[in-house]
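Next comes target-v7.cif, with mmCIF, C-alpha atoms (C1' of nucleotides).
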data_final
#
loop_
_atom_site.label_atom_id
_atom_site.label_comp_id
_atom_site.auth_asym_id
_atom_site.auth_seq_id
_atom_site.Cartn_x
_atom_site.Cartn_y
_atom_site.Cartn_z
CA MET J 14 84.35 64.97 141.39
CA PRO J 15 87.35 64.16 143.38
CA GLU J 16 88.59 66.49 146.05
CA LEU J 17 89.90 65.49 149.44
CA PRO J 18 86.56 64.05 150.68
CA GLU J 19 86.01 61.85 147.64
CA VAL J 20 89.59 60.67 147.74
CA GLU J 21 89.32 59.85 151.43
CA ARG J 22 86.19 57.79 150.80
CA ALA J 23 87.98 56.00 147.97
CA ARG J 24 90.93 55.32 150.28
CA ALA J 25 88.59 53.92 152.91
CA LEU J 26 87.02 51.66 150.28
CA LEU J 27 90.45 50.37 149.34
CA GLU J 28 91.31 49.83 152.98
CA ARG J 29 88.26 47.71 153.71
CA ALA J 30 87.93 45.92 150.38
CA ALA J 31 91.36 45.54 148.79
CA LEU J 32 93.93 44.95 151.52
CA GLY J 33 95.32 41.48 151.97
CA ARG J 34 94.56 40.49 148.39
CA ARG J 35 97.20 39.14 146.04
CA ILE J 36 97.66 40.69 142.59
CA GLU J 37 97.60 38.18 139.80
CA ALA J 38 97.44 40.42 136.73
CA VAL J 39 97.74 44.13 135.94
CA ASP J 40 96.35 46.04 132.96
CA ASP J 41 98.56 49.11 132.60
CA THR J 42 98.16 49.55 128.86
CA ASP J 43 96.65 53.06 128.98
CA THR J 44 99.85 54.98 128.40
CA PHE J 45 98.30 58.35 129.15
CA VAL J 46 96.92 57.37 132.54
CA CYS J 47 100.06 55.40 133.43
CA ARG J 48 102.58 57.91 132.05
CA PRO J 49 105.54 58.05 132.20
CA HIS J 50 105.61 54.29 132.70
CA ARG J 51 105.91 51.95 129.76
CA PRO J 52 103.20 49.31 129.36
CA GLY J 53 104.12 46.32 131.49
CA GLU J 54 106.34 48.29 133.86
CA ILE J 55 103.73 48.62 136.60
CA ALA J 56 102.61 45.06 135.96
CA GLY J 57 106.13 43.76 136.37
CA ALA J 58 106.51 45.51 139.70
CA LEU J 59 103.16 44.41 141.13
CA GLU J 60 102.25 40.98 139.83
CA GLY J 61 102.46 38.51 142.68
CA ALA J 62 102.47 41.23 145.35
CA THR J 63 99.90 41.60 148.11
CA LEU J 64 98.32 44.93 149.10
CA VAL J 65 99.06 45.77 152.71
CA SER J 66 97.98 49.38 153.42
CA ALA J 67 96.10 52.35 151.92
CA HIS J 68 97.26 55.95 152.37
CA ARG J 69 96.30 59.46 151.30
CA ARG J 70 97.73 62.96 151.33
CA GLY J 71 95.59 65.65 149.77
CA LYS J 72 94.22 64.14 146.58
CA VAL J 73 97.02 61.61 146.18
CA MET J 74 96.46 58.00 147.29
CA TRP J 75 98.85 55.12 147.40
CA LEU J 76 98.76 51.45 148.24
CA GLU J 77 101.73 49.79 149.83
CA THR J 78 102.55 46.19 149.03
CA ASP J 79 104.59 43.43 150.61
CA ARG J 80 107.30 44.29 148.09
CA ASP J 81 109.32 47.41 147.58
CA ALA J 82 106.76 48.91 145.22
CA ALA J 83 103.91 51.29 146.10
CA LEU J 84 101.01 51.97 143.75
CA GLY J 85 100.08 55.65 143.46
CA LEU J 86 96.55 56.56 142.38
CA HIS J 87 95.14 59.98 141.48
CA LEU J 88 91.50 60.38 140.50
CA GLY J 89 92.04 63.48 138.36
CA MET J 90 88.85 65.19 137.29
CA ALA J 91 86.43 62.31 136.98
CA GLY J 92 88.02 59.16 138.35
CA ARG J 93 86.56 56.65 140.81
CA ILE J 94 87.91 53.56 142.48
CA VAL J 95 85.98 50.40 141.78
CA VAL J 96 86.54 47.16 143.72
CA ASP J 97 84.79 44.00 142.54
CA ASP J 98 82.63 46.19 140.28
CA ALA J 99 81.32 48.30 143.18
CA ALA J 100 82.39 51.90 143.61
CA GLU J 101 82.18 53.86 146.84
CA GLY J 102 78.66 55.26 147.11
CA ASP J 103 77.07 52.76 144.73
CA PRO J 104 73.68 51.27 145.57
CA PRO J 105 73.80 47.91 147.39
CA ASP J 106 74.99 44.92 145.41
CA GLY J 107 72.38 43.48 143.10
CA ALA J 108 70.25 46.63 142.90
CA GLU J 109 71.28 47.29 139.33
CA ALA J 110 70.72 43.72 138.22
CA ARG J 111 67.21 43.80 139.68
CA GLY J 112 66.56 47.09 137.95
CA ASP J 113 65.51 48.83 141.16
CA GLY J 114 68.58 50.93 141.81
CA ALA J 115 70.36 53.85 140.24
CA PRO J 116 72.49 52.85 137.25
CA ARG J 117 76.23 52.67 137.81
CA ALA J 118 77.85 55.99 137.03
CA HIS J 119 80.33 54.67 134.47
CA PRO J 120 80.39 51.55 132.36
CA ARG J 121 83.28 49.15 132.63
CA GLY J 122 84.70 50.47 129.37
CA TRP J 123 86.03 53.46 131.24
CA ASP J 124 88.31 51.35 133.40
CA ARG J 125 91.74 52.79 132.58
CA PHE J 126 93.79 50.63 134.92
CA THR J 127 92.91 47.28 136.44
CA LEU J 128 94.32 44.86 138.98
CA THR J 129 93.01 41.32 138.87
CA PHE J 130 93.35 39.50 142.15
CA ALA J 131 94.24 35.87 142.66
CA ASP J 132 90.79 35.37 144.21
CA GLY J 133 89.16 36.43 140.93
CA GLY J 134 88.11 39.92 142.03
CA ARG J 135 89.35 43.17 140.55
CA LEU J 136 90.26 46.75 141.37
CA ALA J 137 89.91 49.47 138.72
CA LEU J 138 90.48 53.17 138.19
CA ARG J 139 87.28 54.06 136.33
CA ASP J 140 87.68 57.41 134.61
CA LYS J 141 85.89 58.56 131.49
CA ARG J 142 88.13 61.59 131.01
CA ARG J 143 91.44 59.82 131.47
CA LEU J 144 92.83 62.67 133.56
CA GLY J 145 93.43 60.32 136.47
CA ARG J 146 96.85 58.93 136.99
CA VAL J 147 98.59 55.75 138.11
CA ARG J 148 102.24 55.75 139.12
CA LEU J 149 104.68 53.54 140.90
CA ASP J 150 106.17 55.11 144.02
CA PRO J 151 104.50 58.53 143.62
CA ASP J 152 106.59 61.58 144.46
CA LEU J 153 105.05 63.53 147.34
CA ASP J 154 107.69 66.26 147.48
CA GLY J 155 105.48 68.87 145.83
CA VAL J 156 102.43 68.00 147.91
CA GLY J 157 101.83 70.19 150.95
CA PRO J 158 100.43 69.12 154.32
CA ASP J 159 97.00 67.51 154.22
CA ALA J 160 94.25 70.12 154.54
CA ALA J 161 92.34 67.97 157.04
CA GLU J 162 95.29 67.50 159.37
CA VAL J 163 97.49 70.59 159.06
CA SER J 164 98.35 72.24 162.37
CA ARG J 165 97.38 75.81 163.18
CA ALA J 166 100.95 77.10 163.09
CA VAL J 167 101.78 75.43 159.77
CA PHE J 168 98.49 76.61 158.27
CA ARG J 169 99.14 80.22 159.27
CA ALA J 170 102.59 80.21 157.73
CA ALA J 171 101.63 78.38 154.55
CA VAL J 172 98.32 80.00 153.66
CA GLY J 173 98.91 83.48 155.04
CA ALA J 174 101.54 84.42 152.49
CA GLY J 175 101.85 85.66 148.93
CA ARG J 176 99.68 88.08 147.03
CA ALA J 177 97.67 85.53 145.07
CA PRO J 178 93.92 85.63 145.75
CA LEU J 179 92.94 83.61 148.81
CA LYS J 180 91.01 81.06 146.77
CA ALA J 181 93.97 80.37 144.51
CA ARG J 182 96.19 80.04 147.56
CA ILE J 183 94.11 77.40 149.30
CA MET J 184 93.76 75.43 146.06
CA ASP J 185 97.53 75.37 145.56
CA GLN J 186 98.37 71.74 146.34
CA SER J 187 101.94 72.60 147.30
CA VAL J 188 100.67 75.00 149.99
CA ILE J 189 98.01 72.74 151.50
CA ALA J 190 96.81 69.58 149.84
CA GLY J 191 93.29 68.45 149.13
CA VAL J 192 91.21 71.57 148.48
CA GLY J 193 89.58 71.79 145.05
CA ASN J 194 87.19 74.20 143.41
CA LEU J 195 83.98 73.30 145.22
CA LEU J 196 85.47 72.81 148.67
CA ALA J 197 87.20 76.17 148.30
CA ASP J 198 83.94 77.97 147.45
CA GLU J 199 82.09 76.16 150.25
CA THR J 200 84.72 76.96 152.86
CA LEU J 201 85.12 80.62 151.97
CA TRP J 202 81.34 81.04 151.95
CA ARG J 203 81.05 79.45 155.40
CA VAL J 204 83.75 81.73 156.80
CA GLY J 205 82.53 84.83 155.02
CA LEU J 206 85.87 85.63 153.44
CA SER J 207 86.24 87.08 149.95
CA PRO J 208 87.96 84.73 147.51
CA HIS J 209 89.76 87.79 146.11
CA ARG J 210 91.55 88.83 149.31
CA PRO J 211 95.31 88.65 148.87
CA ALA J 212 96.27 85.68 151.05
CA GLY J 213 99.20 87.46 152.67
CA GLU J 214 96.94 90.16 154.07
CA LEU J 215 94.93 87.87 156.31
CA ALA J 216 95.27 88.30 160.06
CA ASP J 217 96.13 85.35 162.26
CA ASP J 218 92.63 85.12 163.71
CA GLU J 219 91.17 85.05 160.20
CA LEU J 220 93.56 82.27 159.24
CA ASP J 221 92.63 80.30 162.35
CA HIS J 222 88.94 80.69 161.58
CA LEU J 223 89.57 79.66 157.99
CA ARG J 224 91.42 76.53 159.07
CA ARG J 225 88.71 75.53 161.55
CA THR J 226 86.03 76.00 158.92
CA LEU J 227 87.97 74.15 156.27
CA ARG J 228 88.32 71.18 158.59
CA ALA J 229 84.60 71.26 159.41
CA ALA J 230 83.58 71.53 155.75
CA THR J 231 85.92 68.69 154.87
CA ARG J 232 84.60 66.45 157.67
CA ASP J 233 81.01 67.18 156.66
CA ALA J 234 81.74 66.36 153.02
CA ILE J 235 83.41 63.06 153.90
CA ARG J 236 80.48 62.08 156.09
CA ARG J 237 77.78 63.15 153.64
CA GLY J 238 79.37 61.59 150.60
CA GLY J 239 81.31 64.30 148.79
CA VAL J 240 81.90 67.99 148.15
CA HIS J 241 78.68 68.30 146.17
CA THR J 242 76.78 67.98 149.49
CA GLY J 243 78.08 71.39 150.59
CA GLU J 244 75.49 73.92 151.73
CA VAL J 245 76.30 76.58 149.15
CA ILE J 246 76.95 74.26 146.21
CA PRO J 247 73.33 74.30 144.90
CA PHE J 248 73.53 78.10 144.81
CA ARG J 249 76.54 78.25 142.50
CA ARG J 250 74.41 79.22 139.52
CA ARG J 251 73.14 82.25 137.63
CA GLY J 252 70.45 84.17 139.43
CA ALA J 253 70.84 82.38 142.75
CA ALA J 254 70.62 84.14 146.10
CA CYS J 255 72.80 83.44 149.12
CA PRO J 256 70.95 80.85 151.24
CA ARG J 257 71.93 82.73 154.42
CA CYS J 258 71.27 86.38 153.63
CA GLY J 259 69.45 86.44 150.30
CA ALA J 260 71.97 88.69 148.55
CA PRO J 261 72.85 87.77 144.95
CA MET J 262 75.55 85.21 144.39
CA GLU J 263 78.35 86.50 142.17
CA ARG J 264 80.57 84.73 139.71
CA ALA J 265 84.04 85.23 138.31
CA THR J 266 87.00 83.24 137.11
CA LEU J 267 89.67 83.04 139.77
CA GLY J 268 92.77 80.90 139.70
CA GLY J 269 91.47 79.59 136.39
CA ARG J 270 88.33 78.17 137.98
CA THR J 271 84.72 79.32 138.11
CA THR J 272 84.18 80.94 141.50
CA TRP J 273 80.93 81.83 143.25
CA TRP J 274 80.57 83.95 146.36
CA CYS J 275 77.98 85.97 148.28
CA SER J 276 78.04 89.59 147.16
CA GLU J 277 77.13 90.75 150.66
CA GLU J 278 78.88 88.48 153.16
CA GLN J 279 82.07 87.93 151.21
CA ARG J 280 82.96 91.45 150.16
CA GLY J 281 86.59 92.04 149.31
"C1'" DA L 10 76.44 72.39 114.61
"C1'" DC L 11 78.83 75.08 117.73
"C1'" DC L 12 79.82 76.82 121.89
"C1'" DT L 13 80.34 76.40 126.78
"C1'" DA L 14 80.77 73.81 130.93
"C1'" DT L 15 83.07 70.32 134.14
"C1'" DG L 16 85.37 68.24 140.86
"C1'" DT L 17 92.53 68.13 138.13
"C1'" DT L 18 97.24 68.92 137.10
"C1'" DG L 19 101.33 70.19 134.69
"C1'" DA L 20 103.95 72.77 131.29
"C1'" DT L 21 104.87 77.20 129.83
"C1'" DA L 22 105.51 82.33 129.85
"C1'" DC L 23 105.89 86.61 132.04
"C1'" DG M 30 110.08 82.45 142.55
"C1'" DG M 31 105.36 83.41 142.30
"C1'" DT M 32 101.59 83.89 139.55
"C1'" DA M 33 98.60 83.41 135.43
"C1'" DT M 34 97.19 80.94 131.31
"C1'" DC M 35 96.43 77.15 128.50
"C1'" DA M 36 96.43 72.37 127.23
"C1'" DA M 37 95.73 67.50 128.37
"C1'" DC M 38 91.19 64.25 128.28
"C1'" DA M 39 86.12 63.08 127.12
"C1'" DT M 40 81.90 64.06 127.70
"C1'" DA M 41 77.25 66.81 128.67
"C1'" DG M 42 74.21 70.47 127.78
"C1'" DG M 43 72.37 74.97 125.90
#

I'd like the structure from this file rewritten - as structure tokens, please.
Amino acid sequence: MPELPEVERARALLERAALGRRIEAVDDTDTFVCRPHRPGEIAGALEGATLVSAHRRGKVMWLETDRDAALGLHLGMAGRIVVDDAAEGDPPDGAEARGDGAPRAHPRGWDRFTLTFADGGRLALRDKRRLGRVRLDPDLDGVGPDAAEVSRAVFRAAVGAGRAPLKARIMDQSVIAGVGNLLADETLWRVGLSPHRPAGELADDELDHLRRTLRAATRDAIRRGGVHTGEVIPFRRRGAACPRCGAPMERATLGGRTTWWCSEEQRG
DNA sequence: ACCTATGTTGATAC
DNA sequence: GGTATCAACATAGG
């Protein structure tokens, strides 16, 4: 699930539901999710601290505390943030208990990291695949500028270089941060650019158009609830036709990820 | 049963 | 250094 839009919604949930609360206990016993920390290390740094702010760059989130320690959170491939047993996007409280709402996406058994607050509530990283990650004081050195905020000049210089295919370039988190597989396909389809174009061959006006469209696609996805709400996402399947022009959608593996594009509007 | 697929990233090899 | 490939995890589905 989680690309920039999902992470931003998770960050907003943390901001409105977790700030100001005091941490009483920490479960950091999943050594894969909490690597390279030892069990108890994160707990020792955070127990007794109060959460004061929630931040994001690309797909990396972190919570600052009233101590010297920050709590880094990465949702990986399937992670969600759950506060007081409600995740962002869940049906209203009580719906599940009454049996008239959609079931929660993941049972509590997939909580890989948990903060228990002094008020009795809890915050969890719920992640069935365990590819999410929790770290103290996360290192942001290798994370490029946020895809939703990068300036035109920086975007031109960063994205318009190299001979890797355009799709691989915009998914490179050290180049710009936040774009994943679905947002990349959605954005390139909206612009009408081939995912195979060598990034360094793009003209400045193409890069500007790409940046504008990426920001629009990102905004739309945040507002609508996630990258799966993209216009072309339902057409990423065998036999589908482009919803704009009717030409066949094509598929290939690019940058290690399954890529779909319109055979007509996104010619190389 | 067996094979593929999946929104991520990081280590490794060329 | 930049780029490509595979492995890490745990499912779900054909």

Where does the PyMOL selection byres ((chain J) within 12 of (chain M)) land in this file, that is, which residues does it pick, as a list of chain:residue names? J:Phe45, J:Val46, J:Gly89, J:Met90, J:Ala91, J:Gly92, J:His119, J:Trp123, J:Asp140, J:Lys141, J:Arg142, J:Arg143, J:Leu144, J:Gly145, J:Arg146, J:Ala174, J:Gly175, J:Arg176, J:Ala177, J:Pro178, J:Ala181, J:Arg182, J:Asp185, J:Thr266, J:Leu267, J:Gly268, J:Gly269, J:Arg270

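Put simply, atom C1' of L:DA20 is 27.8 Å away from atom CA of J:Asp40.
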
Residues within 7 Å of stretch 11-17 of chain L, please, as a PyMOL selection string. Count only C-alpha atoms (C1' of nucleotides); anything in the same chain fewer than 2 positions from it doesn't count. chain J and resi 14-16+89-90+193-195

Restricting the calculation to only C-alpha atoms: of J:Arg169, J:Arg250, J:Arg80, J:Lys72, which residue gets closest to J:Glu214? J:Arg169

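When the PyMOL selection byres ((chain J and resi 257-262) around 10) is run on the displayed coordinates, the residues it returns are Trp202, Arg203, Glu244, Val245, Phe248, Arg249, Arg250, Arg251, Gly252, Ala253, Ala254, Cys255, Pro256, Glu263, Arg264, Trp273, Trp274, Cys275, Ser276, Glu277, Glu278 and Gln279 of chain J.
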
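Counting from atom CA of J:Leu26, the distance to atom CA of J:Leu59 is 19.9 Å.
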
Please produce stretch 124-158 of chain J, completed to N, CA and C atoms, as a PDB file, in the coordinates of the input.
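Written output follows (selection.pdb):
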ATOM      1  N   ASP J 124      87.243  51.793 132.496  1.00  0.00           N
ATOM      2  CA  ASP J 124      88.310  51.350 133.400  1.00  0.00           C
ATOM      3  C   ASP J 124      89.656  51.536 132.720  1.00  0.00           C
ATOM      4  N   ARG J 125      90.472  52.433 133.240  1.00  0.00           N
ATOM      5  CA  ARG J 125      91.740  52.790 132.580  1.00  0.00           C
ATOM      6  C   ARG J 125      92.918  52.017 133.130  1.00  0.00           C
ATOM      7  N   PHE J 126      92.720  51.386 134.285  1.00  0.00           N
ATOM      8  CA  PHE J 126      93.790  50.630 134.920  1.00  0.00           C
ATOM      9  C   PHE J 126      93.121  49.580 135.795  1.00  0.00           C
ATOM     10  N   THR J 127      93.581  48.359 135.709  1.00  0.00           N
ATOM     11  CA  THR J 127      92.910  47.280 136.440  1.00  0.00           C
ATOM     12  C   THR J 127      93.900  46.315 137.072  1.00  0.00           C
ATOM     13  N   LEU J 128      93.628  45.970 138.326  1.00  0.00           N
ATOM     14  CA  LEU J 128      94.320  44.860 138.980  1.00  0.00           C
ATOM     15  C   LEU J 128      93.347  43.698 139.046  1.00  0.00           C
ATOM     16  N   THR J 129      93.807  42.539 138.660  1.00  0.00           N
ATOM     17  CA  THR J 129      93.010  41.320 138.870  1.00  0.00           C
ATOM     18  C   THR J 129      93.651  40.549 140.008  1.00  0.00           C
ATOM     19  N   PHE J 130      92.822  40.189 140.982  1.00  0.00           N
ATOM     20  CA  PHE J 130      93.350  39.500 142.150  1.00  0.00           C
ATOM     21  C   PHE J 130      93.345  37.985 141.950  1.00  0.00           C
ATOM     22  N   ALA J 131      94.159  37.333 142.744  1.00  0.00           N
ATOM     23  CA  ALA J 131      94.240  35.870 142.660  1.00  0.00           C
ATOM     24  C   ALA J 131      92.900  35.223 143.025  1.00  0.00           C
ATOM     25  N   ASP J 132      92.084  35.933 143.814  1.00  0.00           N
ATOM     26  CA  ASP J 132      90.790  35.370 144.210  1.00  0.00           C
ATOM     27  C   ASP J 132      89.708  35.602 143.146  1.00  0.00           C
ATOM     28  N   GLY J 133      90.111  36.216 142.015  1.00  0.00           N
ATOM     29  CA  GLY J 133      89.160  36.430 140.930  1.00  0.00           C
ATOM     30  C   GLY J 133      88.535  37.815 140.906  1.00  0.00           C
ATOM     31  N   GLY J 134      88.674  38.567 141.999  1.00  0.00           N
ATOM     32  CA  GLY J 134      88.110  39.920 142.030  1.00  0.00           C
ATOM     33  C   GLY J 134      88.991  40.906 141.281  1.00  0.00           C
ATOM     34  N   ARG J 135      88.575  42.173 141.275  1.00  0.00           N
ATOM     35  CA  ARG J 135      89.350  43.170 140.550  1.00  0.00           C
ATOM     36  C   ARG J 135      89.233  44.539 141.186  1.00  0.00           C
ATOM     37  N   LEU J 136      90.241  45.364 140.925  1.00  0.00           N
ATOM     38  CA  LEU J 136      90.260  46.750 141.370  1.00  0.00           C
ATOM     39  C   LEU J 136      90.518  47.595 140.134  1.00  0.00           C
ATOM     40  N   ALA J 137      89.722  48.657 139.928  1.00  0.00           N
ATOM     41  CA  ALA J 137      89.910  49.470 138.720  1.00  0.00           C
ATOM     42  C   ALA J 137      89.882  50.949 139.034  1.00  0.00           C
ATOM     43  N   LEU J 138      90.628  51.718 138.246  1.00  0.00           N
ATOM     44  CA  LEU J 138      90.480  53.170 138.190  1.00  0.00           C
ATOM     45  C   LEU J 138      89.541  53.439 137.018  1.00  0.00           C
ATOM     46  N   ARG J 139      88.313  53.830 137.350  1.00  0.00           N
ATOM     47  CA  ARG J 139      87.280  54.060 136.330  1.00  0.00           C
ATOM     48  C   ARG J 139      87.180  55.553 136.072  1.00  0.00           C
ATOM     49  N   ASP J 140      87.469  55.990 134.859  1.00  0.00           N
ATOM     50  CA  ASP J 140      87.680  57.410 134.610  1.00  0.00           C
ATOM     51  C   ASP J 140      87.392  57.757 133.156  1.00  0.00           C
ATOM     52  N   LYS J 141      86.234  58.300 132.894  1.00  0.00           N
ATOM     53  CA  LYS J 141      85.890  58.560 131.490  1.00  0.00           C
ATOM     54  C   LYS J 141      86.790  59.612 130.865  1.00  0.00           C
ATOM     55  N   ARG J 142      87.321  60.537 131.635  1.00  0.00           N
ATOM     56  CA  ARG J 142      88.130  61.590 131.010  1.00  0.00           C
ATOM     57  C   ARG J 142      89.613  61.266 130.902  1.00  0.00           C
ATOM     58  N   ARG J 143      90.038  60.251 131.531  1.00  0.00           N
ATOM     59  CA  ARG J 143      91.440  59.820 131.470  1.00  0.00           C
ATOM     60  C   ARG J 143      92.413  60.848 132.038  1.00  0.00           C
ATOM     61  N   LEU J 144      91.917  61.717 132.932  1.00  0.00           N
ATOM     62  CA  LEU J 144      92.830  62.670 133.560  1.00  0.00           C
ATOM     63  C   LEU J 144      93.357  62.138 134.886  1.00  0.00           C
ATOM     64  N   GLY J 145      92.868  60.988 135.293  1.00  0.00           N
ATOM     65  CA  GLY J 145      93.430  60.320 136.470  1.00  0.00           C
ATOM     66  C   GLY J 145      94.809  59.791 136.161  1.00  0.00           C
ATOM     67  N   ARG J 146      95.458  59.326 137.195  1.00  0.00           N
ATOM     68  CA  ARG J 146      96.850  58.930 136.990  1.00  0.00           C
ATOM     69  C   ARG J 146      97.249  57.783 137.905  1.00  0.00           C
ATOM     70  N   VAL J 147      98.055  56.881 137.351  1.00  0.00           N
ATOM     71  CA  VAL J 147      98.590  55.750 138.110  1.00  0.00           C
ATOM     72  C   VAL J 147     100.105  55.773 137.991  1.00  0.00           C
ATOM     73  N   ARG J 148     100.770  55.672 139.119  1.00  0.00           N
ATOM     74  CA  ARG J 148     102.240  55.750 139.120  1.00  0.00           C
ATOM     75  C   ARG J 148     102.813  54.817 140.180  1.00  0.00           C
ATOM     76  N   LEU J 149     103.938  54.268 139.873  1.00  0.00           N
ATOM     77  CA  LEU J 149     104.680  53.540 140.900  1.00  0.00           C
ATOM     78  C   LEU J 149     105.414  54.551 141.774  1.00  0.00           C
ATOM     79  N   ASP J 150     105.410  54.295 143.066  1.00  0.00           N
ATOM     80  CA  ASP J 150     106.170  55.110 144.020  1.00  0.00           C
ATOM     81  C   ASP J 150     105.993  56.607 143.763  1.00  0.00           C
ATOM     82  N   PRO J 151     104.782  57.122 143.940  1.00  0.00           N
ATOM     83  CA  PRO J 151     104.500  58.530 143.620  1.00  0.00           C
ATOM     84  C   PRO J 151     105.361  59.478 144.449  1.00  0.00           C
ATOM     85  N   ASP J 152     105.754  60.572 143.812  1.00  0.00           N
ATOM     86  CA  ASP J 152     106.590  61.580 144.460  1.00  0.00           C
ATOM     87  C   ASP J 152     105.697  62.563 145.212  1.00  0.00           C
ATOM     88  N   LEU J 153     105.885  62.654 146.529  1.00  0.00           N
ATOM     89  CA  LEU J 153     105.050  63.530 147.340  1.00  0.00           C
ATOM     90  C   LEU J 153     105.754  64.836 147.703  1.00  0.00           C
ATOM     91  N   ASP J 154     106.906  65.075 147.122  1.00  0.00           N
ATOM     92  CA  ASP J 154     107.690  66.260 147.480  1.00  0.00           C
ATOM     93  C   ASP J 154     106.918  67.564 147.238  1.00  0.00           C
ATOM     94  N   GLY J 155     106.172  67.629 146.149  1.00  0.00           N
ATOM     95  CA  GLY J 155     105.480  68.870 145.830  1.00  0.00           C
ATOM     96  C   GLY J 155     104.100  68.962 146.434  1.00  0.00           C
ATOM     97  N   VAL J 156     103.763  68.016 147.302  1.00  0.00           N
ATOM     98  CA  VAL J 156     102.430  68.000 147.910  1.00  0.00           C
ATOM     99  C   VAL J 156     102.535  68.524 149.341  1.00  0.00           C
ATOM    100  N   GLY J 157     101.791  69.568 149.632  1.00  0.00           N
ATOM    101  CA  GLY J 157     101.830  70.190 150.950  1.00  0.00           C
ATOM    102  C   GLY J 157     101.157  69.333 152.012  1.00  0.00           C
ATOM    103  N   PRO J 158     101.081  69.855 153.237  1.00  0.00           N
ATOM    104  CA  PRO J 158     100.430  69.120 154.320  1.00  0.00           C
ATOM    105  C   PRO J 158      98.938  68.934 154.022  1.00  0.00           C
TER     106      PRO J 158
END
